[in-house]
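Structure below is work24.pdb: PDB, C-alpha atoms.
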MODEL        1
ATOM      1  CA  MET A   1    -123.780  26.659-178.340
ATOM      2  CA  ASN A   2    -122.955  30.253-177.317
ATOM      3  CA  LEU A   3    -124.092  30.626-173.714
ATOM      4  CA  ASN A   4    -125.155  33.820-172.079
ATOM      5  CA  THR A   5    -122.078  34.769-170.066
ATOM      6  CA  ASN A   6    -123.894  36.312-167.120
ATOM      7  CA  ILE A   7    -126.238  33.362-166.589
ATOM      8  CA  ILE A   8    -123.420  30.861-166.825
ATOM      9  CA  LYS A   9    -121.341  32.854-164.313
ATOM     10  CA  ILE A  10    -124.335  32.971-161.952
ATOM     11  CA  ALA A  11    -124.886  29.229-162.332
ATOM     12  CA  TYR A  12    -121.256  28.447-161.593
ATOM     13  CA  THR A  13    -121.251  30.816-158.624
ATOM     14  CA  ILE A  14    -124.290  29.048-157.183
ATOM     15  CA  TYR A  15    -122.881  25.578-157.618
ATOM     16  CA  PHE A  16    -119.364  26.349-156.494
ATOM     17  CA  ALA A  17    -120.483  28.392-153.487
ATOM     18  CA  SER A  18    -123.516  26.465-152.251
ATOM     19  CA  SER A  19    -124.886  22.958-152.397
ATOM     20  CA  VAL A  20    -127.083  20.828-154.629
ATOM     21  CA  THR A  21    -129.787  23.419-154.073
ATOM     22  CA  PHE A  22    -130.228  25.858-156.939
ATOM     23  CA  GLY A  23    -130.940  29.378-155.819
ATOM     24  CA  ALA A  24    -129.956  28.949-152.172
ATOM     25  CA  SER A  25    -128.195  31.957-150.709
ATOM     26  CA  SER A  26    -126.126  32.844-147.698
ATOM     27  CA  GLY A  27    -128.104  32.909-144.480
ATOM     28  CA  ASP A  28    -130.827  30.513-145.619
ATOM     29  CA  PRO A  29    -131.965  28.133-142.866
ATOM     30  CA  ALA A  30    -130.178  24.826-142.345
ATOM     31  CA  TRP A  31    -131.885  21.600-143.343
ATOM     32  CA  ASN A  32    -131.137  17.912-143.725
ATOM     33  CA  HIS A  33    -132.661  14.726-145.140
ATOM     34  CA  ASP A  34    -134.034  13.386-141.840
ATOM     35  CA  TYR A  35    -137.325  11.739-142.826
ATOM     36  CA  ALA A  36    -139.037  13.137-139.742
ATOM     37  CA  THR A  37    -138.168  16.764-140.542
ATOM     38  CA  GLN A  38    -138.512  16.790-144.341
ATOM     39  CA  PRO A  39    -142.213  17.790-144.190
ATOM     40  CA  ALA A  40    -141.161  20.937-142.312
ATOM     41  CA  TRP A  41    -138.703  22.213-144.951
ATOM     42  CA  GLY A  42    -141.261  24.716-146.210
ATOM     43  CA  SER A  43    -141.776  26.240-142.768
ATOM     44  CA  LEU A  44    -138.100  26.907-142.044
ATOM     45  CA  GLU A  45    -137.649  30.635-141.515
ATOM     46  CA  LYS A  46    -134.904  33.011-142.627
ATOM     47  CA  ALA A  47    -134.244  35.598-139.953
ATOM     48  CA  GLY A  48    -134.528  39.288-140.750
ATOM     49  CA  GLN A  49    -136.693  38.907-143.842
ATOM     50  CA  PRO A  50    -140.277  40.157-144.326
ATOM     51  CA  VAL A  51    -143.148  37.836-145.257
ATOM     52  CA  PRO A  52    -143.031  35.878-147.567
ATOM     53  CA  LEU A  53    -139.242  36.151-148.030
ATOM     54  CA  ASN A  54    -138.758  34.730-144.548
ATOM     55  CA  TYR A  55    -139.853  31.345-145.928
ATOM     56  CA  PRO A  56    -137.267  30.690-148.677
ATOM     57  CA  TYR A  57    -138.248  27.013-148.975
ATOM     58  CA  ALA A  58    -142.020  27.539-149.136
ATOM     59  CA  ASP A  59    -142.323  25.632-152.409
ATOM     60  CA  CYS A  60    -141.274  22.469-150.557
ATOM     61  CA  SER A  61    -144.644  22.580-148.766
ATOM     62  CA  ILE A  62    -147.050  24.464-151.020
ATOM     63  CA  GLY A  63    -145.773  23.430-154.464
ATOM     64  CA  ASN A  64    -148.024  21.102-156.470
ATOM     65  CA  LYS A  65    -145.406  19.795-158.885
ATOM     66  CA  GLN A  66    -142.837  18.452-156.458
ATOM     67  CA  SER A  67    -140.211  15.760-156.970
ATOM     68  CA  PRO A  68    -139.451  12.911-156.608
ATOM     69  CA  ILE A  69    -142.493  10.824-157.537
ATOM     70  CA  ASP A  70    -143.582   7.235-158.025
ATOM     71  CA  LEU A  71    -143.081   6.519-161.740
ATOM     72  CA  GLN A  72    -145.248   3.395-161.837
ATOM     73  CA  SER A  73    -148.487   4.894-163.185
ATOM     74  CA  VAL A  74    -147.299   6.062-166.580
ATOM     75  CA  ALA A  75    -148.807   6.757-169.952
ATOM     76  CA  THR A  76    -146.786   4.991-172.630
ATOM     77  CA  VAL A  77    -146.455   7.419-175.497
ATOM     78  CA  LYS A  78    -143.939   8.292-178.153
ATOM     79  CA  VAL A  79    -141.667  10.984-176.804
ATOM     80  CA  VAL A  80    -140.909  13.167-179.810
ATOM     81  CA  ASN A  81    -137.908  14.878-178.272
ATOM     82  CA  LYS A  82    -135.984  12.183-176.447
ATOM     83  CA  PRO A  83    -133.017  13.367-174.398
ATOM     84  CA  ALA A  84    -129.594  12.860-175.945
ATOM     85  CA  PRO A  85    -126.773  13.359-173.433
ATOM     86  CA  HIS A  86    -123.449  14.560-174.784
ATOM     87  CA  TYR A  87    -120.883  14.227-172.028
ATOM     88  CA  PRO A  88    -117.288  14.411-173.315
ATOM     89  CA  ILE A  89    -114.323  13.793-171.040
ATOM     90  CA  GLU A  90    -114.027  16.493-168.373
ATOM     91  CA  SER A  91    -110.389  17.417-167.913
ATOM     92  CA  ALA A  92    -110.906  19.764-164.958
ATOM     93  CA  PRO A  93    -113.746  18.487-162.768
ATOM     94  CA  VAL A  94    -114.219  19.923-159.305
ATOM     95  CA  PHE A  95    -114.996  17.322-156.650
ATOM     96  CA  TYR A  96    -117.326  18.788-154.069
ATOM     97  CA  ASN A  97    -118.969  17.616-150.875
ATOM     98  CA  THR A  98    -121.995  19.862-150.367
ATOM     99  CA  GLY A  99    -122.629  18.587-146.852
ATOM    100  CA  HIS A 100    -125.754  16.941-148.268
ATOM    101  CA  ALA A 101    -124.385  14.961-151.220
ATOM    102  CA  ILE A 102    -121.332  13.867-153.188
ATOM    103  CA  GLN A 103    -121.110  16.185-156.180
ATOM    104  CA  VAL A 104    -118.940  16.928-159.216
ATOM    105  CA  ASN A 105    -119.046  20.482-160.572
ATOM    106  CA  SER A 106    -118.305  21.005-164.255
ATOM    107  CA  SER A 107    -115.523  23.415-165.056
ATOM    108  CA  GLU A 108    -116.454  26.670-166.744
ATOM    109  CA  GLY A 109    -116.471  26.127-170.492
ATOM    110  CA  TYR A 110    -117.103  22.371-170.258
ATOM    111  CA  ALA A 111    -118.955  21.260-173.406
ATOM    112  CA  GLY A 112    -121.186  18.641-171.766
ATOM    113  CA  LYS A 113    -124.888  19.087-172.454
ATOM    114  CA  LEU A 114    -128.250  17.395-172.747
ATOM    115  CA  ASN A 115    -129.861  17.813-176.166
ATOM    116  CA  ILE A 116    -133.659  17.782-176.242
ATOM    117  CA  GLY A 117    -134.997  18.472-179.712
ATOM    118  CA  ASN A 118    -133.458  21.740-180.840
ATOM    119  CA  ASP A 119    -132.620  22.794-177.285
ATOM    120  CA  SER A 120    -129.351  22.223-175.456
ATOM    121  CA  TYR A 121    -129.018  22.238-171.684
ATOM    122  CA  PRO A 122    -125.406  22.579-170.450
ATOM    123  CA  VAL A 123    -124.531  20.240-167.584
ATOM    124  CA  ILE A 124    -123.513  22.216-164.483
ATOM    125  CA  GLN A 125    -123.052  19.401-161.979
ATOM    126  CA  TYR A 126    -124.001  15.860-161.039
ATOM    127  CA  HIS A 127    -124.542  14.420-157.582
ATOM    128  CA  LEU A 128    -125.501  11.226-155.766
ATOM    129  CA  HIS A 129    -128.408  10.086-153.614
ATOM    130  CA  ALA A 130    -128.791   6.824-151.716
ATOM    131  CA  PRO A 131    -131.268   5.214-151.787
ATOM    132  CA  SER A 132    -133.028   6.369-154.953
ATOM    133  CA  GLU A 133    -135.402   9.313-154.764
ATOM    134  CA  HIS A 134    -137.738   8.198-157.543
ATOM    135  CA  VAL A 135    -139.404   4.827-157.082
ATOM    136  CA  ILE A 136    -141.328   2.482-159.374
ATOM    137  CA  GLY A 137    -144.212   1.104-157.356
ATOM    138  CA  THR A 138    -142.681  -0.826-154.482
ATOM    139  CA  GLU A 139    -139.225  -0.817-156.069
ATOM    140  CA  THR A 140    -136.621   1.518-154.594
ATOM    141  CA  PHE A 141    -133.143   1.388-156.132
ATOM    142  CA  ASP A 142    -129.902   1.454-154.167
ATOM    143  CA  GLY A 143    -129.085   4.958-155.349
ATOM    144  CA  GLU A 144    -129.741   7.672-157.913
ATOM    145  CA  LEU A 145    -127.426   9.952-159.871
ATOM    146  CA  HIS A 146    -128.686  13.357-161.024
ATOM    147  CA  PHE A 147    -127.150  15.285-163.914
ATOM    148  CA  VAL A 148    -128.293  18.911-163.506
ATOM    149  CA  HIS A 149    -128.503  21.097-166.611
ATOM    150  CA  VAL A 150    -129.224  24.819-166.977
ATOM    151  CA  ARG A 151    -130.094  26.460-170.282
ATOM    152  CA  GLU A 152    -129.017  29.997-171.118
ATOM    153  CA  ASP A 153    -132.515  31.325-170.340
ATOM    154  CA  GLY A 154    -132.451  29.723-166.894
ATOM    155  CA  LYS A 155    -134.635  26.717-167.704
ATOM    156  CA  MET A 156    -133.470  23.500-166.115
ATOM    157  CA  ALA A 157    -133.501  19.794-166.969
ATOM    158  CA  VAL A 158    -132.355  16.909-164.799
ATOM    159  CA  LEU A 159    -131.357  13.478-166.075
ATOM    160  CA  GLY A 160    -131.781  10.833-163.382
ATOM    161  CA  VAL A 161    -129.984   7.479-163.407
ATOM    162  CA  PHE A 162    -130.858   4.702-160.957
ATOM    163  CA  LEU A 163    -127.945   2.920-159.273
ATOM    164  CA  GLU A 164    -128.076  -0.829-158.701
ATOM    165  CA  GLY A 165    -125.569  -2.568-156.444
ATOM    166  CA  GLY A 166    -124.391  -6.151-156.603
ATOM    167  CA  HIS A 167    -122.261  -5.802-159.719
ATOM    168  CA  ALA A 168    -118.671  -4.934-160.607
ATOM    169  CA  ALA A 169    -117.423  -1.559-159.436
ATOM    170  CA  ASN A 170    -117.806   1.373-161.823
ATOM    171  CA  LYS A 171    -114.316   2.848-162.256
ATOM    172  CA  THR A 172    -115.520   6.358-163.011
ATOM    173  CA  LEU A 173    -117.738   6.413-159.951
ATOM    174  CA  GLN A 174    -114.846   5.083-157.883
ATOM    175  CA  THR A 175    -112.683   7.997-158.997
ATOM    176  CA  ILE A 176    -115.378  10.368-157.730
ATOM    177  CA  LEU A 177    -115.740   8.548-154.410
ATOM    178  CA  ASP A 178    -111.982   8.417-153.877
ATOM    179  CA  ASN A 179    -111.651  12.163-154.428
ATOM    180  CA  THR A 180    -114.663  13.414-152.508
ATOM    181  CA  PRO A 181    -113.438  15.853-149.834
ATOM    182  CA  SER A 182    -114.844  16.523-146.391
ATOM    183  CA  SER A 183    -118.164  18.307-145.940
ATOM    184  CA  GLY A 184    -118.303  21.749-147.554
ATOM    185  CA  ALA A 185    -114.960  21.386-149.324
ATOM    186  CA  HIS A 186    -113.873  21.402-152.975
ATOM    187  CA  TYR A 187    -111.028  19.396-154.448
ATOM    188  CA  GLU A 188    -109.345  19.969-157.802
ATOM    189  CA  ASN A 189    -106.539  17.899-159.295
ATOM    190  CA  PRO A 190    -105.274  18.690-162.827
ATOM    191  CA  ASP A 191    -104.102  15.095-163.173
ATOM    192  CA  ILE A 192    -107.610  13.644-162.797
ATOM    193  CA  SER A 193    -110.173  13.576-165.590
ATOM    194  CA  ILE A 194    -113.718  12.197-165.616
ATOM    195  CA  ASN A 195    -115.718  10.628-168.426
ATOM    196  CA  PRO A 196    -119.348  11.233-167.357
ATOM    197  CA  LYS A 197    -120.572   9.110-170.264
ATOM    198  CA  LEU A 198    -119.378   6.079-168.288
ATOM    199  CA  LEU A 199    -121.879   6.999-165.559
ATOM    200  CA  LEU A 200    -124.782   6.257-167.897
ATOM    201  CA  PRO A 201    -126.382   2.805-168.224
ATOM    202  CA  LYS A 202    -125.551   0.857-171.371
ATOM    203  CA  ASN A 203    -129.203   0.752-172.395
ATOM    204  CA  LEU A 204    -130.285   4.371-172.582
ATOM    205  CA  ARG A 205    -133.212   3.979-174.969
ATOM    206  CA  ASN A 206    -136.145   4.329-172.556
ATOM    207  CA  PHE A 207    -136.960   7.171-170.179
ATOM    208  CA  TYR A 208    -139.641   8.331-167.803
ATOM    209  CA  THR A 209    -140.378  12.035-168.156
ATOM    210  CA  TYR A 210    -142.497  14.561-166.260
ATOM    211  CA  GLY A 211    -142.528  18.120-164.931
ATOM    212  CA  GLY A 212    -141.324  18.486-161.371
ATOM    213  CA  SER A 213    -139.018  20.307-158.992
ATOM    214  CA  LEU A 214    -135.625  20.268-157.360
ATOM    215  CA  THR A 215    -135.577  17.549-154.701
ATOM    216  CA  THR A 216    -133.730  19.714-152.166
ATOM    217  CA  PRO A 217    -134.580  23.157-150.757
ATOM    218  CA  PRO A 218    -135.701  25.522-152.172
ATOM    219  CA  CYS A 219    -137.639  22.808-154.108
ATOM    220  CA  SER A 220    -138.100  25.162-157.093
ATOM    221  CA  GLU A 221    -140.555  23.910-159.706
ATOM    222  CA  GLY A 222    -140.477  24.102-163.497
ATOM    223  CA  ILE A 223    -137.844  21.357-163.807
ATOM    224  CA  LEU A 224    -137.984  19.002-166.799
ATOM    225  CA  TRP A 225    -137.204  15.512-165.537
ATOM    226  CA  TYR A 226    -135.947  12.523-167.496
ATOM    227  CA  VAL A 227    -135.235   9.313-165.582
ATOM    228  CA  ALA A 228    -133.552   6.416-167.393
ATOM    229  CA  SER A 229    -135.558   3.200-167.026
ATOM    230  CA  LYS A 230    -132.454   0.995-166.828
ATOM    231  CA  PRO A 231    -130.071   1.372-163.873
ATOM    232  CA  LEU A 232    -126.325   1.866-163.836
ATOM    233  CA  GLU A 233    -124.663  -1.218-162.377
ATOM    234  CA  ILE A 234    -122.209  -0.561-159.555
ATOM    235  CA  SER A 235    -120.852  -2.527-156.608
ATOM    236  CA  ASP A 236    -122.302  -2.949-153.132
ATOM    237  CA  ASP A 237    -119.073  -1.498-151.756
ATOM    238  CA  GLN A 238    -119.673   1.688-153.741
ATOM    239  CA  ILE A 239    -123.210   1.990-152.382
ATOM    240  CA  ASN A 240    -121.776   1.575-148.893
ATOM    241  CA  GLN A 241    -119.172   4.272-149.587
ATOM    242  CA  ILE A 242    -121.891   6.705-150.647
ATOM    243  CA  LYS A 243    -123.851   5.961-147.486
ATOM    244  CA  SER A 244    -120.731   6.319-145.359
ATOM    245  CA  ILE A 245    -120.075   9.810-146.746
ATOM    246  CA  ASN A 246    -123.752  10.667-146.212
ATOM    247  CA  THR A 247    -123.424   9.573-142.592
ATOM    248  CA  ASP A 248    -120.360  11.757-142.127
ATOM    249  CA  ASN A 249    -122.319  14.676-143.598
ATOM    250  CA  GLU A 250    -125.726  14.484-141.940
ATOM    251  CA  GLY A 251    -125.420  11.727-139.349
ATOM    252  CA  PHE A 252    -127.380   9.053-141.210
ATOM    253  CA  PRO A 253    -126.834   7.074-144.436
ATOM    254  CA  GLU A 254    -129.915   8.189-146.390
ATOM    255  CA  ASN A 255    -129.944  11.430-148.380
ATOM    256  CA  ASN A 256    -133.091  10.942-150.441
ATOM    257  CA  ARG A 257    -136.229  13.065-150.383
ATOM    258  CA  LEU A 258    -139.396  11.083-149.783
ATOM    259  CA  VAL A 259    -141.829  10.577-152.678
ATOM    260  CA  LYS A 260    -144.301  13.400-153.267
ATOM    261  CA  ASP A 261    -147.900  13.338-154.527
ATOM    262  CA  LEU A 262    -148.496  13.323-158.273
ATOM    263  CA  ASP A 263    -151.146  16.073-157.914
ATOM    264  CA  GLY A 264    -152.734  15.127-161.213
ATOM    265  CA  ARG A 265    -149.511  14.608-163.127
ATOM    266  CA  VAL A 266    -149.082  11.528-165.319
ATOM    267  CA  PRO A 267    -145.452  10.741-166.154
ATOM    268  CA  THR A 268    -144.850   9.298-169.590
ATOM    269  CA  LYS A 269    -142.498   6.583-170.765
ATOM    270  CA  LYS A 270    -141.009   5.745-174.121
TER
ENDMDL
END
Target encoding structure tokens, full file:
Amino acid sequence: MNLNTNIIKIAYTIYFASSVTFGASSGDPAWNHDYATQPAWGSLEKAGQPVPLNYPYADCSIGNKQSPIDLQSVATVKVVNKPAPHYPIESAPVFYNTGHAIQVNSSEGYAGKLNIGNDSYPVIQYHLHAPSEHVIGTETFDGELHFVHVREDGKMAVLGVFLEGGHAANKTLQTILDNTPSSGAHYENPDISINPKLLLPKNLRNFYTYGGSLTTPPCSEGILWYVASKPLEISDDQINQIKSINTDNEGFPENNRLVKDLDGRVPTKK
């Protein structure tokens, strides 16, 4: 797929220069995942800006299609355009600690993408949350991996994968954990490659899907979400490593956004 050069450069600039947030810019107010302060994300002010630009995260509070959500109440329908991830081996990944999450940035020109019908969404980065952000009724998973994709017209799709501890360690995930730098830093090593396909569960036939938002400020809406129904099996030690890095970053082990109201949405499952 021939990608619009300017949009791709902008996307890479955002992800290499900022955090898991898409569209955040220099001087935006600081935030973290503290459960007590999450409801106030939308009221955080940016100094020196006129109304409403002084509230760069307003969507976090006033948006009506926010993520994550409880996926339990679903309509079971045939999804015509099921997602088909194509994640070849990445020979030049950039390991990044955003200060909010463990993240891997794709190198410019990486061919990884998510195919949905006739559309292709290039993968820009993937990052980790613990515990999971999406829940299924009373079930919260040990973690959640998000593959973030941006199409050439700016439209975004996120593929979510639940993480379940208590199993053998995932070698690909371990490579990421072992090479995650300190908060705010990037790390590149030409001798390390990543196969993102090995971060997908073996059974990838069924998905939840709905329209939502980014789960971190600025909480922008219009995001097409697909969440795999089967989790990726990893070890308890790996879950603990994720939480340890989270603690180093923000002072506590959890970096998940709390579940938001459906506001009339009905996620579907196939």
Run through the PyMOL selection byres ((chain A and resi 213) around 12) on the given coordinates and return the selected residues as a ChimeraX atom specification.
/A:21-22,59-61,63-69,148,155-158,210-212,214-226,257,259-260,262
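A straight line drawn from CA of His149 (chain A) to CA of Asn256 (chain A) is 19.6 Å long.
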Name the closest residue to Asn249 (chain A) among the candidates A:Thr180, A:Ala47, A:Leu159, A:His86; distances are taken between atoms, counting only C-alpha atoms.
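Smallest separation from Asn249 (chain A) among the options: A:Thr180.
Residues matched by the PyMOL selection byres ((chain A and resi 137) around 9) in this file: Asp70, Leu71, Gln72, Ser73, Val135, Ile136, Thr138, Glu139 and Thr140 of chain A.
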Please tabulate, as a Markdown table, the residues of region 232-268 of chain A that come within 10 Å of region 90-105 of chain A, each with its closest pair of atoms and the distance in Å to one decimal, counting all atoms listed in the file and ordering rows by chain, then residue number upward.
| residue | atom | partner | partner_atom | distance |
| --- | --- | --- | --- | --- |
| A:Ile242 | CA | A:Ile102 | CA | 7.6 |
| A:Lys243 | CA | A:Ala101 | CA | 9.8 |
| A:Ile245 | CA | A:Ile102 | CA | 7.7 |
| A:Asn246 | CA | A:Ala101 | CA | 6.6 |
| A:Thr247 | CA | A:His100 | CA | 9.6 |
| A:Asp248 | CA | A:Gly99 | CA | 8.6 |
| A:Asn249 | CA | A:Gly99 | CA | 5.1 |
| A:Glu250 | CA | A:His100 | CA | 6.8 |
| A:Glu254 | CA | A:His100 | CA | 9.9 |
| A:Asn255 | CA | A:His100 | CA | 6.9 |
| A:Asn256 | CA | A:Ala101 | CA | 9.6 |
With the PyMOL selection byres ((chain A and resi 227) around 7) as the selection, what would be picked from this file? Answer as a ChimeraX atom specification, please.
/A:159-161,207-209,225-226,228-229
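Comparing the minimum interatomic distances between Ala84 (chain A) and each of A:Tyr126, A:Tyr35, A:Phe252, A:Tyr121, counting only C-alpha atoms, we find that A:Tyr121 sits nearest.
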Quick one: region 198-213 of chain A with N, CA and C atoms, as a PDB file, keeping the file's coordinate frame?
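Saved result, part28.pdb, follows:
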ATOM      1  N   LEU A 198    -119.496   7.394-168.901  1.00  0.00           N
ATOM      2  CA  LEU A 198    -119.378   6.079-168.288  1.00  0.00           C
ATOM      3  C   LEU A 198    -120.219   5.959-167.017  1.00  0.00           C
ATOM      4  N   LEU A 199    -120.938   7.034-166.674  1.00  0.00           N
ATOM      5  CA  LEU A 199    -121.879   6.999-165.559  1.00  0.00           C
ATOM      6  C   LEU A 199    -123.314   6.817-166.040  1.00  0.00           C
ATOM      7  N   LEU A 200    -123.467   6.517-167.314  1.00  0.00           N
ATOM      8  CA  LEU A 200    -124.782   6.257-167.897  1.00  0.00           C
ATOM      9  C   LEU A 200    -124.955   4.763-168.117  1.00  0.00           C
ATOM     10  N   PRO A 201    -126.163   4.234-167.951  1.00  0.00           N
ATOM     11  CA  PRO A 201    -126.382   2.805-168.224  1.00  0.00           C
ATOM     12  C   PRO A 201    -126.164   2.491-169.697  1.00  0.00           C
ATOM     13  N   LYS A 202    -125.818   1.247-169.986  1.00  0.00           N
ATOM     14  CA  LYS A 202    -125.551   0.857-171.371  1.00  0.00           C
ATOM     15  C   LYS A 202    -126.795   0.988-172.232  1.00  0.00           C
ATOM     16  N   ASN A 203    -127.940   0.635-171.675  1.00  0.00           N
ATOM     17  CA  ASN A 203    -129.203   0.752-172.395  1.00  0.00           C
ATOM     18  C   ASN A 203    -129.870   2.064-172.011  1.00  0.00           C
ATOM     19  N   LEU A 204    -129.758   3.041-172.868  1.00  0.00           N
ATOM     20  CA  LEU A 204    -130.285   4.371-172.582  1.00  0.00           C
ATOM     21  C   LEU A 204    -131.408   4.740-173.553  1.00  0.00           C
ATOM     22  N   ARG A 205    -132.181   3.734-173.956  1.00  0.00           N
ATOM     23  CA  ARG A 205    -133.212   3.979-174.969  1.00  0.00           C
ATOM     24  C   ARG A 205    -134.528   4.456-174.359  1.00  0.00           C
ATOM     25  N   ASN A 206    -134.832   4.044-173.137  1.00  0.00           N
ATOM     26  CA  ASN A 206    -136.145   4.329-172.556  1.00  0.00           C
ATOM     27  C   ASN A 206    -136.036   5.234-171.337  1.00  0.00           C
ATOM     28  N   PHE A 207    -136.964   6.183-171.249  1.00  0.00           N
ATOM     29  CA  PHE A 207    -136.960   7.171-170.179  1.00  0.00           C
ATOM     30  C   PHE A 207    -138.371   7.369-169.639  1.00  0.00           C
ATOM     31  N   TYR A 208    -138.443   7.721-168.367  1.00  0.00           N
ATOM     32  CA  TYR A 208    -139.641   8.331-167.803  1.00  0.00           C
ATOM     33  C   TYR A 208    -139.435   9.838-167.887  1.00  0.00           C
ATOM     34  N   THR A 209    -140.507  10.581-168.108  1.00  0.00           N
ATOM     35  CA  THR A 209    -140.378  12.035-168.156  1.00  0.00           C
ATOM     36  C   THR A 209    -141.612  12.693-167.552  1.00  0.00           C
ATOM     37  N   TYR A 210    -141.396  13.806-166.869  1.00  0.00           N
ATOM     38  CA  TYR A 210    -142.497  14.561-166.260  1.00  0.00           C
ATOM     39  C   TYR A 210    -141.976  15.921-165.828  1.00  0.00           C
ATOM     40  N   GLY A 211    -142.891  16.805-165.451  1.00  0.00           N
ATOM     41  CA  GLY A 211    -142.528  18.120-164.931  1.00  0.00           C
ATOM     42  C   GLY A 211    -142.518  18.101-163.420  1.00  0.00           C
ATOM     43  N   GLY A 212    -141.427  18.559-162.820  1.00  0.00           N
ATOM     44  CA  GLY A 212    -141.324  18.486-161.371  1.00  0.00           C
ATOM     45  C   GLY A 212    -140.519  19.621-160.774  1.00  0.00           C
ATOM     46  N   SER A 213    -139.731  19.287-159.750  1.00  0.00           N
ATOM     47  CA  SER A 213    -139.018  20.307-158.992  1.00  0.00           C
ATOM     48  C   SER A 213    -137.623  19.814-158.631  1.00  0.00           C
TER      49      SER A 213
END
